[in-house]
Amino acid sequence: MKQIGFCLSALLFASPLMAQDVLDPLVVTGKREVGEAAEGNVNLDQIQAERVNELLGFVPGLASIASDSAGYGDILAVRGTGNTLFFGPAGVGMVVDDVPYGDVFGYSTEFFDLDSFTLHRGPQGSRFGRNAAGGMMEMRTAGPTKESQFKLSAEYGSYDLLNLRLKATGAINDRWSYAVQSYYKKRNGYIENVNPAVGGYDDTREMLGGLGSLYYNPSADMQVRFRAMVETTRDGSQRLSAIPGVASQFGPFVDSLRAQDPFRVASNFEGETEVDRYQLSLHLDQDFGWGTLKSITAYQKWQLGPNTVDLDLTPLGATTSSIAHEQQLWSQEFRLESDQTQDVRWTTGLAFLRKDSDGLANRFFGTGPTSFENQFTTFSIVEESAALYGHVEWESSPALTFNVGGRLESVDTAISRSKSGAGFPFPSGLPLPAPFRGESEGWYFSPSIGANYAINDQVSLFARSSLAFKPEGFTGYSDEPTTTAFDEEQSWETEVGVRYQNDEQSLGLELRGFYKQIDDYQLNRSTGFTDFVIVNAERVDALGLEGEMIWKPTDQFTVQATAGVSQIEFDDHIGGGGQNLSGNEVPFLPEFTASLGLRYDFASGFFAQTAVRAVGATYYDEVNNSDFKQSSYQVWDAQVGYEAENWSAVVFARNLLDEDYYSFLNSQIAAGSPGDPQVLGVRVGVEF
């Protein structure tokens with residue numbers, strides 16, 4: 001009741017609020033595309049968000065689980081539809097400048113300087129080339145400017161945090177122009193290794209990224225864009241520590257050697273994570289007057305390796321993991337859009353995608369006082385898909401608009417997997433599994449229908465219902481052929497809502513309710529130290545309420561709030577041990593999220609801003625073991641500063657009260673990734 005009360009209080013405080021077109025709102029702005037699932041343009045600067053997982057709490061319906069391995073093992077979900085940790089399709093898609101990403105572990109976690117970040121809630125298969133059963137994160141970076149512009153910023157803070165950013169745009173001549181940006185970010189570790197043989201704070205972080213676009217306009221109705229992106233991550237150990245007082249599968253002796261503090265470990269080695277992302281794309285836009293034809297051709301490569309982790313977190317070195325993983329993605333999309341000012345507006349497209357994933361996982365673990373296993377798993381998974389999608393909106397009257405859409409997609413997947421290894425005493429105690437090959441193919445159709453009715457100039461009602469799918473596939477971490485494959489997931493979602501916007505554009509509110517039924521829900525399950533499979537829960541039901549607001553009682557003062565509460569449970573599900581888990585909460589999904597933000601701009605140029613976000617209780621396993629449950633928590637951020645015409649200076653605080661919480665819990669090894677501690681710092685910026 002306490003958690004639900006926090007949500008309702010935020011909504012009631014905001015009840016006349018939430019604007020779509022009000023002065024740089026904190027969470028939601030922008031005109032709704034009629035009848036579509038609710039969207040929210042997120043003002044990243046005001047919430048101090050630089051990474052995807054930092055949106056948790058600020059965006060209703062969004063769940064983000066960060067395992068602190070540069071995105072590897074992260075989970076993103078909207079209204080219960082998400083991804084599994086390492087294999088399986090994404091439930092929430094990511095598109096940056098119309099370029100689709102592949103699996104969630106390959107998503108770019110660090111934000112570039114964006115013109116907009118929009119979360120499209122609900123199935124989006126009829127509007128994007130990329131399938132998105134739960135929702136779509138759409139990001140757009142700034143385009144070129146007529147005059148040369150430069151923007152520099154530097155940030156320094158706790159743990160020797162250093163964040164440098166550069167942005168430059170301009171015209172080369174009357175046909176060519178450019179937009180370039182880059183960042184460099186590093187900090188010292190948060191977790192101390194108390195093993196004297198290693199010592200120090202070894203979970204250091206260092207990132208470097210660059211994005212450049214070259215534009216060519218041969219005529220007024222045609223544009224060509226060449227785009228390139230590169231990101232490198234060089235991290236120390238994964239931010240992983242033993243959960244104090246919780247027994248692991250390693251036994252009492254190993255547990256007695258583990259540090260019982262979220263920010264301390266006793267590992268026998270530092271560990272490291274290296275990730276490289278590359279992206280090249282060619283964009284062609286041709287305006288015919290009655291419509292626009294777009295072609296987006298893209299190649300991406302994501303590479304992890306090495307990723308080394310001490311799983312037992314002791315000086316013994318009893319269990320370690322080393323993973324190398326690579327994914328290459330080729331995509332081609334052709335999109336034709338009508339004139340968006342007409343009463344009937346439509347979009348249709350063809351999309352092709354090929355995803356090649358290859359990996360090698362080495363796991364070493366003790367099987368007894370004087371015995372061990374050293375296993376190597378090699379896998380290759382290829383997925384090819386082709387989709388036809390379309391969406392139509394019809395303004396039947398000034399007050400009523402209907403929309404209908406659909407997606408037809410073919411997905412073919414193939415896997416090749418083998419395992420080798422050695423042990424002591426030799427040969428190993430258990431025989432290694434035989435090499436495995438498998439193929440699957442399927443056709444999927446996902447329709448949607450919706451409507452928007454404007455009661456008057458201030459109030460409108462909307463509704464939408466849609467079907468969606470996540471295709472079947474294979475996991476690379478299963479020794480048993482019978483558990484290597486998993487089935488497709490199907491969902492039916494219905495959303496209804498109301499929006500209010502006053503005539504002065506200073507006060508607004510949006511409330512949404514949704515119900516979702518998910519059949520054959522794709523779910524992770526651990527079956528030992530090395531097997532990590534995907535099973536299908538028979539049925540999951542999701543019910544929720546979301547609200548967003550903004551209010552400007554004066555030109556200087558802005559109040560913003562969001563809240564979302566949901567009940568997402570197994571309606572029919574049997575656990576790995578045969579137990580009936582119906583009625584249990586689905587793991588990785590918080591019960592609620594809420595936020596409240598205040599900002600005051602003084603006439604002199606000074607400003608003060610604060611925001612608090614709350615995240616509800618979250619289970620991290622399907623049996624709802626209380627040992628692997630993160631209780632609700634709140635994080636408070638604040639900043640004060642001065643903004644002039646072409647420069648700014650800010651003092652900021654993140655997690656001001658130093659709240660302790662976990663962003664990820666691993667029930668297999670009884671360990672977790674603690675959330676960011678308190679960070680204080682200063683930031684200066686200049687534009688010219």
# chains A, B, ... in the order shown; residues from 1 in each chain; ligands from 1
call {"tool": "residues_around", "arguments": {"residues": "Glu659 (chain A)", "least_positions_apart": "2", "cutoff": "9 Å", "atoms": "only C-alpha atoms", "output": "list in words"}}
result
Tyr633, Gln634, Val635, Trp636, Asn655, Leu656, Leu657, Tyr661, Gly675, Asp676, Pro677 and Gln678 of chain A
call {"tool": "select_by_dssp", "arguments": {"residues": "region 404-609 of chain A", "states": "strand (DSSP E)", "output": "PyMOL selection string"}}
result
chain A and resi 404-424+436-454+459-470+473-474+485-486+489-501+507-526+532-551+557-572+592-601+606-609
call {"tool": "residues_around", "arguments": {"residues": "region 683-687 of chain A", "least_positions_apart": "4", "cutoff": "7 Å", "atoms": "only C-alpha atoms", "output": "ChimeraX atom specification"}}
result
/A:150-156,646-651
call {"tool": "residues_around", "arguments": {"residues": "Gln375 (chain A)", "least_positions_apart": "6", "cutoff": "8 Å", "atoms": "only C-alpha atoms", "output": "list of chain:residue names"}}
result
A:Asn362, A:Arg363, A:Phe364, A:Lys419, A:Ser420, A:Gly421, A:Ala422
call {"tool": "residues_around", "arguments": {"residues": "region 266-268 of chain A", "least_positions_apart": "2", "cutoff": "8 Å", "atoms": "only C-alpha atoms", "output": "list of chain:residue names"}}
result
A:Asn193, A:Val194, A:Asn195, A:Ala197, A:Val198, A:Leu257, A:Arg258, A:Ala259, A:Arg264, A:Glu270, A:Asp310, A:Asp312, A:Leu313, A:Thr314, A:Pro315, A:Leu316, A:Gly317
call {"tool": "atom_distance", "arguments": {"atom1": "CA of Met136 (chain A)", "atom2": "CA of Leu119 (chain A)"}}
result
5.8 Å
call {"tool": "atom_distance", "arguments": {"atom1": "CA of Asn625 (chain A)", "atom2": "CA of Ala537 (chain A)"}}
result
17.8 Å
call {"tool": "residues_around", "arguments": {"residues": "region 531-534 of chain A", "least_positions_apart": "4", "cutoff": "10 Å", "atoms": "only C-alpha atoms", "output": "count of residues only"}}
result
25
call {"tool": "residues_around", "arguments": {"residues": "Pro218 (chain A)", "least_positions_apart": "4", "cutoff": "12 Å", "atoms": "only C-alpha atoms", "output": "ChimeraX atom specification"}}
result
/A:173-177,222-225,284-286
call {"tool": "atom_distance", "arguments": {"atom1": "CA of Ser116 (chain A)", "atom2": "CA of Leu55 (chain A)"}}
result
14.0 Å
call {"tool": "closest_residue", "arguments": {"among": "A:Asp113, A:Asp358, A:Glu493, A:Glu504", "to": "Ala133 (chain A)", "atoms": "only C-alpha atoms"}}
result
A:Glu493
call {"tool": "closest_residue", "arguments": {"among": "A:Pro590, A:Leu665, A:Thr367, A:Ala611", "to": "Phe652 (chain A)", "atoms": "only C-alpha atoms"}}
result
A:Ala611
call {"tool": "closest_residue", "arguments": {"among": "A:Gly576, A:Thr377, A:Asp339, A:Trp551", "to": "Val535 (chain A)", "atoms": "only C-alpha atoms"}}
result
A:Gly576
call {"tool": "closest_residue", "arguments": {"among": "A:Gln505, A:Glu393, A:Trp346, A:Ile669", "to": "Thr320 (chain A)", "atoms": "only C-alpha atoms"}}
result
A:Ile669
call {"tool": "select_by_dssp", "arguments": {"residues": "region 68-309 of chain A", "states": "helix (DSSP H, G or I)", "output": "list in words"}}
result
Val104, Phe105, Gly106, Ser158, Tyr159, Asp160, Pro252, Phe253, Val254, Asp255 and Ser256 of chain A
call {"tool": "write_last_selection", "arguments": {"atoms": "N, CA and C atoms", "output": "PDB file, in the first residue's frame"}}
result
ATOM      1  N   VAL A 104      19.164  -6.876 -27.670  1.00  0.00           N
ATOM      2  CA  VAL A 104      19.302  -5.845 -26.646  1.00  0.00           C
ATOM      3  C   VAL A 104      20.736  -5.743 -26.143  1.00  0.00           C
ATOM      4  N   PHE A 105      21.460  -6.860 -26.049  1.00  0.00           N
ATOM      5  CA  PHE A 105      22.835  -6.773 -25.539  1.00  0.00           C
ATOM      6  C   PHE A 105      23.721  -5.947 -26.461  1.00  0.00           C
ATOM      7  N   GLY A 106      23.317  -5.749 -27.710  1.00  0.00           N
ATOM      8  CA  GLY A 106      24.088  -4.940 -28.646  1.00  0.00           C
ATOM      9  C   GLY A 106      23.631  -3.510 -28.761  1.00  0.00           C
ATOM     10  N   SER A 158      32.758  12.936  -8.530  1.00  0.00           N
ATOM     11  CA  SER A 158      33.228  11.885  -7.623  1.00  0.00           C
ATOM     12  C   SER A 158      33.784  10.710  -8.406  1.00  0.00           C
ATOM     13  N   TYR A 159      34.684   9.970  -7.742  1.00  0.00           N
ATOM     14  CA  TYR A 159      35.349   8.799  -8.333  1.00  0.00           C
ATOM     15  C   TYR A 159      36.137   9.195  -9.579  1.00  0.00           C
ATOM     16  N   ASP A 160      36.646  10.434  -9.579  1.00  0.00           N
ATOM     17  CA  ASP A 160      37.406  10.975 -10.711  1.00  0.00           C
ATOM     18  C   ASP A 160      36.629  10.841 -12.015  1.00  0.00           C
ATOM     19  N   PRO A 252      28.682 -23.544   2.050  1.00  0.00           N
ATOM     20  CA  PRO A 252      29.028 -22.688   3.193  1.00  0.00           C
ATOM     21  C   PRO A 252      30.483 -22.252   3.224  1.00  0.00           C
ATOM     22  N   PHE A 253      31.423 -23.158   2.814  1.00  0.00           N
ATOM     23  CA  PHE A 253      32.826 -22.781   2.897  1.00  0.00           C
ATOM     24  C   PHE A 253      33.141 -21.635   1.957  1.00  0.00           C
ATOM     25  N   VAL A 254      32.695 -21.724   0.711  1.00  0.00           N
ATOM     26  CA  VAL A 254      32.928 -20.638  -0.247  1.00  0.00           C
ATOM     27  C   VAL A 254      32.222 -19.366   0.222  1.00  0.00           C
ATOM     28  N   ASP A 255      30.992 -19.511   0.710  1.00  0.00           N
ATOM     29  CA  ASP A 255      30.252 -18.331   1.173  1.00  0.00           C
ATOM     30  C   ASP A 255      30.968 -17.628   2.313  1.00  0.00           C
ATOM     31  N   SER A 256      31.677 -18.376   3.151  1.00  0.00           N
ATOM     32  CA  SER A 256      32.376 -17.762   4.282  1.00  0.00           C
ATOM     33  C   SER A 256      33.535 -16.886   3.828  1.00  0.00           C
TER      34      SER A 256
END
